[in-house]
$ cat start_24.txt   # compact mmCIF, N, CA and C atoms
# COMPACT_ATOMS: atom_id res chain seq x y z
N MET Q 1 -23.08 -64.72 -76.36
CA MET Q 1 -22.91 -63.39 -75.83
C MET Q 1 -21.42 -63.08 -75.68
N THR Q 2 -21.03 -61.89 -76.04
CA THR Q 2 -19.65 -61.47 -75.90
C THR Q 2 -19.35 -61.18 -74.43
N THR Q 3 -18.24 -61.69 -73.95
CA THR Q 3 -17.89 -61.46 -72.55
C THR Q 3 -17.41 -60.03 -72.36
N GLY Q 4 -17.65 -59.55 -71.15
CA GLY Q 4 -17.22 -58.20 -70.82
C GLY Q 4 -18.19 -57.12 -71.25
N THR Q 5 -19.39 -57.51 -71.67
CA THR Q 5 -20.32 -56.51 -72.18
C THR Q 5 -21.75 -56.69 -71.67
N ILE Q 6 -21.91 -56.84 -70.38
CA ILE Q 6 -23.26 -56.90 -69.82
C ILE Q 6 -23.80 -55.47 -69.82
N ASP Q 7 -24.82 -55.22 -70.63
CA ASP Q 7 -25.42 -53.89 -70.63
C ASP Q 7 -26.56 -53.85 -69.62
N LYS Q 8 -27.10 -52.66 -69.39
CA LYS Q 8 -28.13 -52.48 -68.36
C LYS Q 8 -29.37 -53.32 -68.65
N SER Q 9 -29.76 -53.41 -69.91
CA SER Q 9 -30.94 -54.19 -70.28
C SER Q 9 -30.75 -55.67 -69.93
N LEU Q 10 -29.59 -56.22 -70.25
CA LEU Q 10 -29.31 -57.62 -69.95
C LEU Q 10 -29.19 -57.83 -68.44
N GLU Q 11 -28.57 -56.88 -67.75
CA GLU Q 11 -28.47 -56.98 -66.30
C GLU Q 11 -29.87 -57.06 -65.68
N LEU Q 12 -30.78 -56.23 -66.16
CA LEU Q 12 -32.15 -56.23 -65.62
C LEU Q 12 -32.86 -57.56 -65.90
N GLN Q 13 -32.62 -58.13 -67.07
CA GLN Q 13 -33.22 -59.42 -67.39
C GLN Q 13 -32.70 -60.52 -66.46
N ILE Q 14 -31.39 -60.51 -66.24
CA ILE Q 14 -30.79 -61.51 -65.34
C ILE Q 14 -31.30 -61.31 -63.92
N ALA Q 15 -31.32 -60.07 -63.46
CA ALA Q 15 -31.82 -59.78 -62.10
C ALA Q 15 -33.26 -60.22 -61.95
N ASP Q 16 -34.08 -60.04 -62.98
CA ASP Q 16 -35.47 -60.47 -62.93
C ASP Q 16 -35.58 -61.99 -62.81
N ILE Q 17 -34.77 -62.70 -63.55
CA ILE Q 17 -34.76 -64.17 -63.47
C ILE Q 17 -34.38 -64.61 -62.06
N VAL Q 18 -33.34 -64.00 -61.51
CA VAL Q 18 -32.90 -64.34 -60.16
C VAL Q 18 -33.99 -64.01 -59.15
N GLN Q 19 -34.58 -62.83 -59.26
CA GLN Q 19 -35.64 -62.40 -58.34
C GLN Q 19 -36.81 -63.38 -58.35
N ARG Q 20 -37.32 -63.71 -59.52
CA ARG Q 20 -38.46 -64.62 -59.64
C ARG Q 20 -38.14 -66.00 -59.07
N THR Q 21 -36.94 -66.49 -59.36
CA THR Q 21 -36.54 -67.81 -58.90
C THR Q 21 -36.44 -67.85 -57.38
N LEU Q 22 -35.81 -66.85 -56.79
CA LEU Q 22 -35.68 -66.80 -55.33
C LEU Q 22 -37.05 -66.62 -54.67
N ASP Q 23 -37.86 -65.72 -55.21
CA ASP Q 23 -39.19 -65.49 -54.65
C ASP Q 23 -40.04 -66.76 -54.70
N ASP Q 24 -39.97 -67.48 -55.81
CA ASP Q 24 -40.73 -68.72 -55.94
C ASP Q 24 -40.28 -69.76 -54.92
N HIS Q 25 -38.98 -69.84 -54.71
CA HIS Q 25 -38.46 -70.85 -53.79
C HIS Q 25 -38.74 -70.51 -52.33
N TYR Q 26 -38.50 -69.27 -51.94
CA TYR Q 26 -38.60 -68.89 -50.52
C TYR Q 26 -40.01 -68.43 -50.11
N GLN Q 27 -40.90 -68.23 -51.07
CA GLN Q 27 -42.32 -67.97 -50.80
C GLN Q 27 -42.56 -66.93 -49.70
N GLY Q 28 -41.79 -65.83 -49.73
CA GLY Q 28 -42.01 -64.75 -48.78
C GLY Q 28 -41.27 -64.89 -47.46
N ALA Q 29 -40.61 -66.02 -47.22
CA ALA Q 29 -39.84 -66.20 -45.98
C ALA Q 29 -38.65 -65.24 -45.96
N LEU Q 30 -38.16 -64.86 -47.13
CA LEU Q 30 -37.09 -63.87 -47.29
C LEU Q 30 -37.52 -62.93 -48.41
N THR Q 31 -37.04 -61.70 -48.36
CA THR Q 31 -37.24 -60.79 -49.49
C THR Q 31 -35.87 -60.44 -50.06
N PHE Q 32 -35.85 -60.19 -51.35
CA PHE Q 32 -34.59 -60.00 -52.06
C PHE Q 32 -34.61 -58.69 -52.83
N GLY Q 33 -33.50 -58.00 -52.82
CA GLY Q 33 -33.35 -56.79 -53.62
C GLY Q 33 -32.69 -55.69 -52.81
N PRO Q 34 -31.87 -54.90 -53.48
CA PRO Q 34 -31.61 -54.94 -54.92
C PRO Q 34 -30.76 -56.16 -55.30
N ILE Q 35 -30.83 -56.48 -56.56
CA ILE Q 35 -30.01 -57.53 -57.15
C ILE Q 35 -29.19 -56.87 -58.25
N ARG Q 36 -27.89 -57.04 -58.17
CA ARG Q 36 -26.99 -56.43 -59.14
C ARG Q 36 -26.11 -57.49 -59.77
N VAL Q 37 -25.84 -57.33 -61.04
CA VAL Q 37 -25.04 -58.29 -61.80
C VAL Q 37 -23.77 -57.60 -62.26
N GLN Q 38 -22.65 -58.27 -62.01
CA GLN Q 38 -21.37 -57.72 -62.44
C GLN Q 38 -20.59 -58.84 -63.13
N GLU Q 39 -20.23 -58.61 -64.37
CA GLU Q 39 -19.41 -59.58 -65.09
C GLU Q 39 -17.97 -59.40 -64.64
N THR Q 40 -17.34 -60.50 -64.27
CA THR Q 40 -16.01 -60.44 -63.66
C THR Q 40 -15.07 -61.40 -64.37
N ASP Q 41 -13.85 -60.97 -64.55
CA ASP Q 41 -12.81 -61.79 -65.16
C ASP Q 41 -12.05 -62.49 -64.04
N ASP Q 42 -12.09 -63.82 -64.03
CA ASP Q 42 -11.34 -64.59 -63.04
C ASP Q 42 -9.86 -64.47 -63.39
N MET Q 43 -9.10 -63.84 -62.52
CA MET Q 43 -7.69 -63.56 -62.82
C MET Q 43 -6.84 -64.83 -62.88
N VAL Q 44 -7.30 -65.90 -62.26
CA VAL Q 44 -6.54 -67.15 -62.28
C VAL Q 44 -6.79 -67.91 -63.58
N THR Q 45 -8.07 -68.08 -63.92
CA THR Q 45 -8.40 -68.90 -65.10
C THR Q 45 -8.57 -68.07 -66.37
N GLY Q 46 -8.81 -66.77 -66.19
CA GLY Q 46 -9.06 -65.90 -67.34
C GLY Q 46 -10.47 -66.00 -67.88
N GLU Q 47 -11.31 -66.81 -67.24
CA GLU Q 47 -12.69 -66.97 -67.69
C GLU Q 47 -13.59 -65.90 -67.07
N TRP Q 48 -14.63 -65.53 -67.81
CA TRP Q 48 -15.60 -64.56 -67.33
C TRP Q 48 -16.73 -65.28 -66.60
N TYR Q 49 -17.19 -64.69 -65.52
CA TYR Q 49 -18.35 -65.22 -64.81
C TYR Q 49 -19.20 -64.06 -64.34
N LEU Q 50 -20.41 -64.37 -63.92
CA LEU Q 50 -21.32 -63.34 -63.42
C LEU Q 50 -21.37 -63.42 -61.91
N GLN Q 51 -20.97 -62.34 -61.29
CA GLN Q 51 -21.10 -62.24 -59.84
C GLN Q 51 -22.42 -61.52 -59.59
N ILE Q 52 -23.32 -62.17 -58.87
CA ILE Q 52 -24.63 -61.59 -58.64
C ILE Q 52 -24.75 -61.26 -57.16
N PHE Q 53 -24.84 -59.97 -56.89
CA PHE Q 53 -24.98 -59.48 -55.52
C PHE Q 53 -26.47 -59.43 -55.21
N ILE Q 54 -26.88 -60.16 -54.18
CA ILE Q 54 -28.29 -60.28 -53.83
C ILE Q 54 -28.48 -59.82 -52.39
N VAL Q 55 -29.18 -58.73 -52.21
CA VAL Q 55 -29.46 -58.23 -50.86
C VAL Q 55 -30.65 -59.01 -50.31
N VAL Q 56 -30.49 -59.50 -49.07
CA VAL Q 56 -31.48 -60.36 -48.44
C VAL Q 56 -32.02 -59.70 -47.18
N ASP Q 57 -33.34 -59.67 -47.07
CA ASP Q 57 -33.99 -59.16 -45.86
C ASP Q 57 -34.76 -60.32 -45.23
N GLY Q 58 -34.44 -60.61 -43.99
CA GLY Q 58 -35.09 -61.71 -43.28
C GLY Q 58 -34.05 -62.56 -42.59
N ASP Q 59 -34.44 -63.76 -42.20
CA ASP Q 59 -33.56 -64.67 -41.48
C ASP Q 59 -32.49 -65.23 -42.42
N TYR Q 60 -31.32 -64.63 -42.38
CA TYR Q 60 -30.22 -64.99 -43.27
C TYR Q 60 -29.87 -66.47 -43.17
N GLN Q 61 -30.13 -67.09 -42.03
CA GLN Q 61 -29.82 -68.51 -41.83
C GLN Q 61 -30.60 -69.42 -42.78
N LEU Q 62 -31.71 -68.93 -43.30
CA LEU Q 62 -32.48 -69.73 -44.26
C LEU Q 62 -31.68 -70.01 -45.54
N LEU Q 63 -30.64 -69.22 -45.76
CA LEU Q 63 -29.81 -69.43 -46.95
C LEU Q 63 -28.75 -70.51 -46.75
N ALA Q 64 -28.73 -71.13 -45.58
CA ALA Q 64 -27.74 -72.17 -45.31
C ALA Q 64 -28.01 -73.45 -46.10
N ASP Q 65 -29.17 -73.53 -46.72
CA ASP Q 65 -29.48 -74.71 -47.52
C ASP Q 65 -28.64 -74.73 -48.80
N GLN Q 66 -28.43 -75.91 -49.33
CA GLN Q 66 -27.64 -76.04 -50.56
C GLN Q 66 -28.33 -75.42 -51.76
N TRP Q 67 -29.67 -75.31 -51.71
CA TRP Q 67 -30.42 -74.77 -52.83
C TRP Q 67 -29.93 -73.38 -53.20
N SER Q 68 -29.78 -72.51 -52.23
CA SER Q 68 -29.42 -71.11 -52.51
C SER Q 68 -28.02 -70.98 -53.11
N TRP Q 69 -27.10 -71.87 -52.76
CA TRP Q 69 -25.74 -71.78 -53.28
C TRP Q 69 -25.60 -72.45 -54.64
N ARG Q 70 -26.64 -73.18 -55.03
CA ARG Q 70 -26.66 -73.79 -56.37
C ARG Q 70 -27.63 -73.04 -57.28
N LEU Q 71 -27.73 -71.76 -57.05
CA LEU Q 71 -28.65 -70.92 -57.80
C LEU Q 71 -28.48 -71.10 -59.30
N TYR Q 72 -27.24 -71.21 -59.76
CA TYR Q 72 -26.98 -71.33 -61.19
C TYR Q 72 -27.78 -72.47 -61.82
N HIS Q 73 -27.85 -73.60 -61.14
CA HIS Q 73 -28.55 -74.76 -61.69
C HIS Q 73 -30.05 -74.50 -61.85
N HIS Q 74 -30.57 -73.62 -61.04
CA HIS Q 74 -32.00 -73.31 -61.09
C HIS Q 74 -32.34 -72.28 -62.17
N ILE Q 75 -31.37 -71.46 -62.53
CA ILE Q 75 -31.64 -70.39 -63.51
C ILE Q 75 -30.97 -70.61 -64.85
N GLU Q 76 -30.14 -71.63 -64.97
CA GLU Q 76 -29.37 -71.87 -66.19
C GLU Q 76 -30.24 -71.92 -67.45
N PRO Q 77 -31.37 -72.65 -67.46
CA PRO Q 77 -32.16 -72.70 -68.71
C PRO Q 77 -32.66 -71.32 -69.14
N GLU Q 78 -33.10 -70.50 -68.21
CA GLU Q 78 -33.58 -69.16 -68.56
C GLU Q 78 -32.43 -68.26 -69.02
N LEU Q 79 -31.26 -68.42 -68.42
CA LEU Q 79 -30.11 -67.64 -68.86
C LEU Q 79 -29.70 -68.03 -70.28
N GLN Q 80 -29.67 -69.30 -70.54
CA GLN Q 80 -29.31 -69.75 -71.88
C GLN Q 80 -30.30 -69.26 -72.92
N ALA Q 81 -31.56 -69.13 -72.53
CA ALA Q 81 -32.59 -68.64 -73.46
C ALA Q 81 -32.33 -67.19 -73.87
N ILE Q 82 -31.60 -66.44 -73.04
CA ILE Q 82 -31.25 -65.05 -73.40
C ILE Q 82 -29.76 -64.94 -73.75
N SER Q 83 -29.16 -66.08 -74.11
CA SER Q 83 -27.77 -66.18 -74.59
C SER Q 83 -26.72 -65.83 -73.54
N VAL Q 84 -27.02 -66.06 -72.29
CA VAL Q 84 -26.04 -65.87 -71.21
C VAL Q 84 -25.50 -67.24 -70.85
N THR Q 85 -24.19 -67.42 -71.03
CA THR Q 85 -23.58 -68.73 -70.81
C THR Q 85 -22.55 -68.74 -69.68
N GLN Q 86 -22.25 -67.60 -69.11
CA GLN Q 86 -21.26 -67.54 -68.05
C GLN Q 86 -21.76 -68.22 -66.78
N TYR Q 87 -20.80 -68.72 -66.00
CA TYR Q 87 -21.11 -69.29 -64.70
C TYR Q 87 -21.62 -68.16 -63.79
N VAL Q 88 -22.50 -68.50 -62.86
CA VAL Q 88 -23.06 -67.53 -61.93
C VAL Q 88 -22.55 -67.82 -60.53
N LEU Q 89 -22.05 -66.78 -59.88
CA LEU Q 89 -21.61 -66.88 -58.49
C LEU Q 89 -22.47 -65.92 -57.67
N PRO Q 90 -23.42 -66.46 -56.89
CA PRO Q 90 -24.25 -65.58 -56.07
C PRO Q 90 -23.50 -65.12 -54.83
N ARG Q 91 -23.72 -63.87 -54.45
CA ARG Q 91 -23.20 -63.33 -53.18
C ARG Q 91 -24.39 -62.73 -52.45
N TYR Q 92 -24.80 -63.39 -51.40
CA TYR Q 92 -25.93 -62.95 -50.60
C TYR Q 92 -25.44 -62.01 -49.52
N ILE Q 93 -26.04 -60.84 -49.44
CA ILE Q 93 -25.64 -59.81 -48.49
C ILE Q 93 -26.84 -59.44 -47.63
N PRO Q 94 -26.71 -59.56 -46.30
CA PRO Q 94 -27.82 -59.13 -45.44
C PRO Q 94 -28.14 -57.66 -45.68
N LYS Q 95 -29.40 -57.33 -45.68
CA LYS Q 95 -29.83 -55.96 -45.96
C LYS Q 95 -29.13 -54.94 -45.06
N ASN Q 96 -28.93 -55.29 -43.81
CA ASN Q 96 -28.26 -54.38 -42.87
C ASN Q 96 -26.81 -54.10 -43.24
N ASP Q 97 -26.21 -54.97 -44.02
CA ASP Q 97 -24.80 -54.81 -44.40
C ASP Q 97 -24.61 -54.17 -45.77
N TRP Q 98 -25.67 -53.97 -46.54
CA TRP Q 98 -25.53 -53.51 -47.92
C TRP Q 98 -24.82 -52.17 -48.02
N GLY Q 99 -25.13 -51.22 -47.14
CA GLY Q 99 -24.52 -49.90 -47.23
C GLY Q 99 -23.00 -49.94 -47.13
N TRP Q 100 -22.48 -50.55 -46.08
CA TRP Q 100 -21.02 -50.60 -45.92
C TRP Q 100 -20.39 -51.56 -46.92
N PHE Q 101 -21.08 -52.66 -47.24
CA PHE Q 101 -20.55 -53.63 -48.19
C PHE Q 101 -20.35 -52.97 -49.55
N HIS Q 102 -21.35 -52.23 -49.96
CA HIS Q 102 -21.32 -51.53 -51.24
C HIS Q 102 -20.09 -50.64 -51.32
N GLU Q 103 -19.84 -49.89 -50.25
CA GLU Q 103 -18.68 -48.98 -50.22
C GLU Q 103 -17.37 -49.76 -50.14
N ALA Q 104 -17.31 -50.74 -49.24
CA ALA Q 104 -16.08 -51.49 -49.02
C ALA Q 104 -15.61 -52.22 -50.28
N GLU Q 105 -16.56 -52.73 -51.04
CA GLU Q 105 -16.23 -53.46 -52.27
C GLU Q 105 -15.94 -52.51 -53.44
N GLY Q 106 -16.21 -51.22 -53.24
CA GLY Q 106 -15.99 -50.26 -54.31
C GLY Q 106 -16.89 -50.49 -55.51
N LEU Q 107 -18.10 -50.96 -55.25
CA LEU Q 107 -19.01 -51.28 -56.34
C LEU Q 107 -19.52 -49.98 -56.98
N ASP Q 108 -19.61 -50.00 -58.29
CA ASP Q 108 -20.01 -48.79 -59.01
C ASP Q 108 -21.49 -48.78 -59.32
N PHE Q 109 -22.29 -49.45 -58.53
CA PHE Q 109 -23.74 -49.43 -58.71
C PHE Q 109 -24.39 -49.34 -57.37
$ encode --input "start_24.txt" --output "structure tokens"
Amino acid sequence: MTTGTIDKSLELQIADIVQRTLDDHYQGALTFGPIRVQETDDMVTGEWYLQIFIVVDGDYQLLADQWSWRLYHHIEPELQAISVTQYVLPRYIPKNDWGWFHEAEGLDF
């Protein structure tokens, strides 16, 4: 996959993979969405990675486990199957914070 060109269709596929994986793991203890994918250029290394913004509704403390921060390892095979090779950096945002976070970060979605 060419870096810098995540289109809406690919974003939706990635978001679906993330959604299914999180739902399977947390079994309703948390709900997730919206999930947004933004390809980002690391200014230090120059490498492209996927920053995945995941809105979380429920007890945010459940995300303190190492599983949630190693999301990439759980979704890597499915990403590779759709030719996505960039590293994934999840950003979990409590649902109550999404409105101001969205504005503060200047996100265009």
$ select_by_dssp --input "start_24.txt" --residues "chain Q" --states "strand (DSSP E)" --output "compact mmCIF listing (two decimals) with N, CA and C atoms, in the coordinates of the input"
# COMPACT_ATOMS: atom_id res chain seq x y z
N LEU Q 30 -38.16 -64.86 -47.13
CA LEU Q 30 -37.09 -63.87 -47.29
C LEU Q 30 -37.52 -62.93 -48.41
N THR Q 31 -37.04 -61.70 -48.36
CA THR Q 31 -37.24 -60.79 -49.49
C THR Q 31 -35.87 -60.44 -50.06
N PHE Q 32 -35.85 -60.19 -51.35
CA PHE Q 32 -34.59 -60.00 -52.06
C PHE Q 32 -34.61 -58.69 -52.83
N GLY Q 33 -33.50 -58.00 -52.82
CA GLY Q 33 -33.35 -56.79 -53.62
C GLY Q 33 -32.69 -55.69 -52.81
N PRO Q 34 -31.87 -54.90 -53.48
CA PRO Q 34 -31.61 -54.94 -54.92
C PRO Q 34 -30.76 -56.16 -55.30
N ILE Q 35 -30.83 -56.48 -56.56
CA ILE Q 35 -30.01 -57.53 -57.15
C ILE Q 35 -29.19 -56.87 -58.25
N ARG Q 36 -27.89 -57.04 -58.17
CA ARG Q 36 -26.99 -56.43 -59.14
C ARG Q 36 -26.11 -57.49 -59.77
N VAL Q 37 -25.84 -57.33 -61.04
CA VAL Q 37 -25.04 -58.29 -61.80
C VAL Q 37 -23.77 -57.60 -62.26
N GLN Q 38 -22.65 -58.27 -62.01
CA GLN Q 38 -21.37 -57.72 -62.44
C GLN Q 38 -20.59 -58.84 -63.13
N GLU Q 39 -20.23 -58.61 -64.37
CA GLU Q 39 -19.41 -59.58 -65.09
C GLU Q 39 -17.97 -59.40 -64.64
N THR Q 40 -17.34 -60.50 -64.27
CA THR Q 40 -16.01 -60.44 -63.66
C THR Q 40 -15.07 -61.40 -64.37
N ASP Q 41 -13.85 -60.97 -64.55
CA ASP Q 41 -12.81 -61.79 -65.16
C ASP Q 41 -12.05 -62.49 -64.04
N TRP Q 48 -14.63 -65.53 -67.81
CA TRP Q 48 -15.60 -64.56 -67.33
C TRP Q 48 -16.73 -65.28 -66.60
N TYR Q 49 -17.19 -64.69 -65.52
CA TYR Q 49 -18.35 -65.22 -64.81
C TYR Q 49 -19.20 -64.06 -64.34
N LEU Q 50 -20.41 -64.37 -63.92
CA LEU Q 50 -21.32 -63.34 -63.42
C LEU Q 50 -21.37 -63.42 -61.91
N GLN Q 51 -20.97 -62.34 -61.29
CA GLN Q 51 -21.10 -62.24 -59.84
C GLN Q 51 -22.42 -61.52 -59.59
N ILE Q 52 -23.32 -62.17 -58.87
CA ILE Q 52 -24.63 -61.59 -58.64
C ILE Q 52 -24.75 -61.26 -57.16
N PHE Q 53 -24.84 -59.97 -56.89
CA PHE Q 53 -24.98 -59.48 -55.52
C PHE Q 53 -26.47 -59.43 -55.21
N ILE Q 54 -26.88 -60.16 -54.18
CA ILE Q 54 -28.29 -60.28 -53.83
C ILE Q 54 -28.48 -59.82 -52.39
N VAL Q 55 -29.18 -58.73 -52.21
CA VAL Q 55 -29.46 -58.23 -50.86
C VAL Q 55 -30.65 -59.01 -50.31
N VAL Q 56 -30.49 -59.50 -49.07
CA VAL Q 56 -31.48 -60.36 -48.44
C VAL Q 56 -32.02 -59.70 -47.18
N ASP Q 57 -33.34 -59.67 -47.07
CA ASP Q 57 -33.99 -59.16 -45.86
C ASP Q 57 -34.76 -60.32 -45.23
N GLY Q 58 -34.44 -60.61 -43.99
CA GLY Q 58 -35.09 -61.71 -43.28
C GLY Q 58 -34.05 -62.56 -42.59
N TYR Q 87 -20.80 -68.72 -66.00
CA TYR Q 87 -21.11 -69.29 -64.70
C TYR Q 87 -21.62 -68.16 -63.79
N VAL Q 88 -22.50 -68.50 -62.86
CA VAL Q 88 -23.06 -67.53 -61.93
C VAL Q 88 -22.55 -67.82 -60.53
N LEU Q 89 -22.05 -66.78 -59.88
CA LEU Q 89 -21.61 -66.88 -58.49
C LEU Q 89 -22.47 -65.92 -57.67
N PRO Q 90 -23.42 -66.46 -56.89
CA PRO Q 90 -24.25 -65.58 -56.07
C PRO Q 90 -23.50 -65.12 -54.83
N ARG Q 91 -23.72 -63.87 -54.45
CA ARG Q 91 -23.20 -63.33 -53.18
C ARG Q 91 -24.39 -62.73 -52.45
N TYR Q 92 -24.80 -63.39 -51.40
CA TYR Q 92 -25.93 -62.95 -50.60
C TYR Q 92 -25.44 -62.01 -49.52
N ILE Q 93 -26.04 -60.84 -49.44
CA ILE Q 93 -25.64 -59.81 -48.49
C ILE Q 93 -26.84 -59.44 -47.63
N PRO Q 94 -26.71 -59.56 -46.30
CA PRO Q 94 -27.82 -59.13 -45.44
C PRO Q 94 -28.14 -57.66 -45.68
$ residues_around --input "start_24.txt" --residues "stretch 48-50 of chain Q" --least-positions-apart "4" --cutoff "6 Å" --atoms "only N, CA and C atoms" --output "PyMOL selection string"
chain Q and resi 38-42+86-89
$ residues_around --input "start_24.txt" --residues "stretch 68-76 of chain Q" --least-positions-apart "2" --cutoff "7 Å" --atoms "all atoms listed in the file" --output "PyMOL selection string"
chain Q and resi 17-18+21+63-66+78-81+87-90
$ write_last_selection --input "start_24.txt" --atoms "N, CA and C atoms" --output "PDB file, in the frame of the given file"
ATOM      1  N   ILE Q  17     -34.770 -62.700 -63.550  1.00  0.00           N
ATOM      2  CA  ILE Q  17     -34.760 -64.170 -63.470  1.00  0.00           C
ATOM      3  C   ILE Q  17     -34.380 -64.610 -62.060  1.00  0.00           C
ATOM      4  N   VAL Q  18     -33.340 -64.000 -61.510  1.00  0.00           N
ATOM      5  CA  VAL Q  18     -32.900 -64.340 -60.160  1.00  0.00           C
ATOM      6  C   VAL Q  18     -33.990 -64.010 -59.150  1.00  0.00           C
ATOM      7  N   THR Q  21     -36.940 -66.490 -59.360  1.00  0.00           N
ATOM      8  CA  THR Q  21     -36.540 -67.810 -58.900  1.00  0.00           C
ATOM      9  C   THR Q  21     -36.440 -67.850 -57.380  1.00  0.00           C
ATOM     10  N   LEU Q  63     -30.640 -69.220 -45.760  1.00  0.00           N
ATOM     11  CA  LEU Q  63     -29.810 -69.430 -46.950  1.00  0.00           C
ATOM     12  C   LEU Q  63     -28.750 -70.510 -46.750  1.00  0.00           C
ATOM     13  N   ALA Q  64     -28.730 -71.130 -45.580  1.00  0.00           N
ATOM     14  CA  ALA Q  64     -27.740 -72.170 -45.310  1.00  0.00           C
ATOM     15  C   ALA Q  64     -28.010 -73.450 -46.100  1.00  0.00           C
ATOM     16  N   ASP Q  65     -29.170 -73.530 -46.720  1.00  0.00           N
ATOM     17  CA  ASP Q  65     -29.480 -74.710 -47.520  1.00  0.00           C
ATOM     18  C   ASP Q  65     -28.640 -74.730 -48.800  1.00  0.00           C
ATOM     19  N   GLN Q  66     -28.430 -75.910 -49.330  1.00  0.00           N
ATOM     20  CA  GLN Q  66     -27.640 -76.040 -50.560  1.00  0.00           C
ATOM     21  C   GLN Q  66     -28.330 -75.420 -51.760  1.00  0.00           C
ATOM     22  N   GLU Q  78     -33.100 -70.500 -68.210  1.00  0.00           N
ATOM     23  CA  GLU Q  78     -33.580 -69.160 -68.560  1.00  0.00           C
ATOM     24  C   GLU Q  78     -32.430 -68.260 -69.020  1.00  0.00           C
ATOM     25  N   LEU Q  79     -31.260 -68.420 -68.420  1.00  0.00           N
ATOM     26  CA  LEU Q  79     -30.110 -67.640 -68.860  1.00  0.00           C
ATOM     27  C   LEU Q  79     -29.700 -68.030 -70.280  1.00  0.00           C
ATOM     28  N   GLN Q  80     -29.670 -69.300 -70.540  1.00  0.00           N
ATOM     29  CA  GLN Q  80     -29.310 -69.750 -71.880  1.00  0.00           C
ATOM     30  C   GLN Q  80     -30.300 -69.260 -72.920  1.00  0.00           C
ATOM     31  N   ALA Q  81     -31.560 -69.130 -72.530  1.00  0.00           N
ATOM     32  CA  ALA Q  81     -32.590 -68.640 -73.460  1.00  0.00           C
ATOM     33  C   ALA Q  81     -32.330 -67.190 -73.870  1.00  0.00           C
ATOM     34  N   TYR Q  87     -20.800 -68.720 -66.000  1.00  0.00           N
ATOM     35  CA  TYR Q  87     -21.110 -69.290 -64.700  1.00  0.00           C
ATOM     36  C   TYR Q  87     -21.620 -68.160 -63.790  1.00  0.00           C
ATOM     37  N   VAL Q  88     -22.500 -68.500 -62.860  1.00  0.00           N
ATOM     38  CA  VAL Q  88     -23.060 -67.530 -61.930  1.00  0.00           C
ATOM     39  C   VAL Q  88     -22.550 -67.820 -60.530  1.00  0.00           C
ATOM     40  N   LEU Q  89     -22.050 -66.780 -59.880  1.00  0.00           N
ATOM     41  CA  LEU Q  89     -21.610 -66.880 -58.490  1.00  0.00           C
ATOM     42  C   LEU Q  89     -22.470 -65.920 -57.670  1.00  0.00           C
ATOM     43  N   PRO Q  90     -23.420 -66.460 -56.890  1.00  0.00           N
ATOM     44  CA  PRO Q  90     -24.250 -65.580 -56.070  1.00  0.00           C
ATOM     45  C   PRO Q  90     -23.500 -65.120 -54.830  1.00  0.00           C
TER      46      PRO Q  90
END
$ atom_distance --input "start_24.txt" --atom1 "atom CA of Q:Ala29" --atom2 "atom C of Q:Leu62"
9.0 Å
$ closest_residue --input "start_24.txt" --among "Q:Gly46, Q:Trp67, Q:Gln19, Q:Phe101" --to "Q:Phe32" --atoms "only C-alpha atoms"
Q:Gln19
$ atom_distance --input "start_24.txt" --atom1 "atom CA of Q:Ile35" --atom2 "atom CA of Q:Val55"
6.4 Å
$ atom_distance --input "start_24.txt" --atom1 "atom CA of Q:Trp98" --atom2 "atom CA of Q:Met43"
25.3 Å
$ residues_near_point --input "start_24.txt" --point "(-30.5, -55.6, -55.9)" --cutoff "12 Å" --atoms "only C-alpha atoms" --output "PyMOL selection string"
chain Q and resi 11-12+14-16+18-19+31-38+52-57+90-95+98-99+102+109
$ select_by_dssp --input "start_24.txt" --residues "chain Q" --states "helix (DSSP H, G or I)" --output "count of residues only"
49
$ axis_aligned_box --input "start_24.txt" --around "stretch 22-32 of chain Q" --padding-each-side "5 Å" --output "JSON"
{"center_x": -38.6, "center_y": -64.8, "center_z": -51.4, "size_x": 18.0, "size_y": 22.2, "size_z": 20.8}
$ closest_residue --input "start_24.txt" --among "Q:Gln27, Q:Ser83, Q:Thr45, Q:Asn96" --to "Q:Gly58" --atoms "only N, CA and C atoms"
Q:Asn96
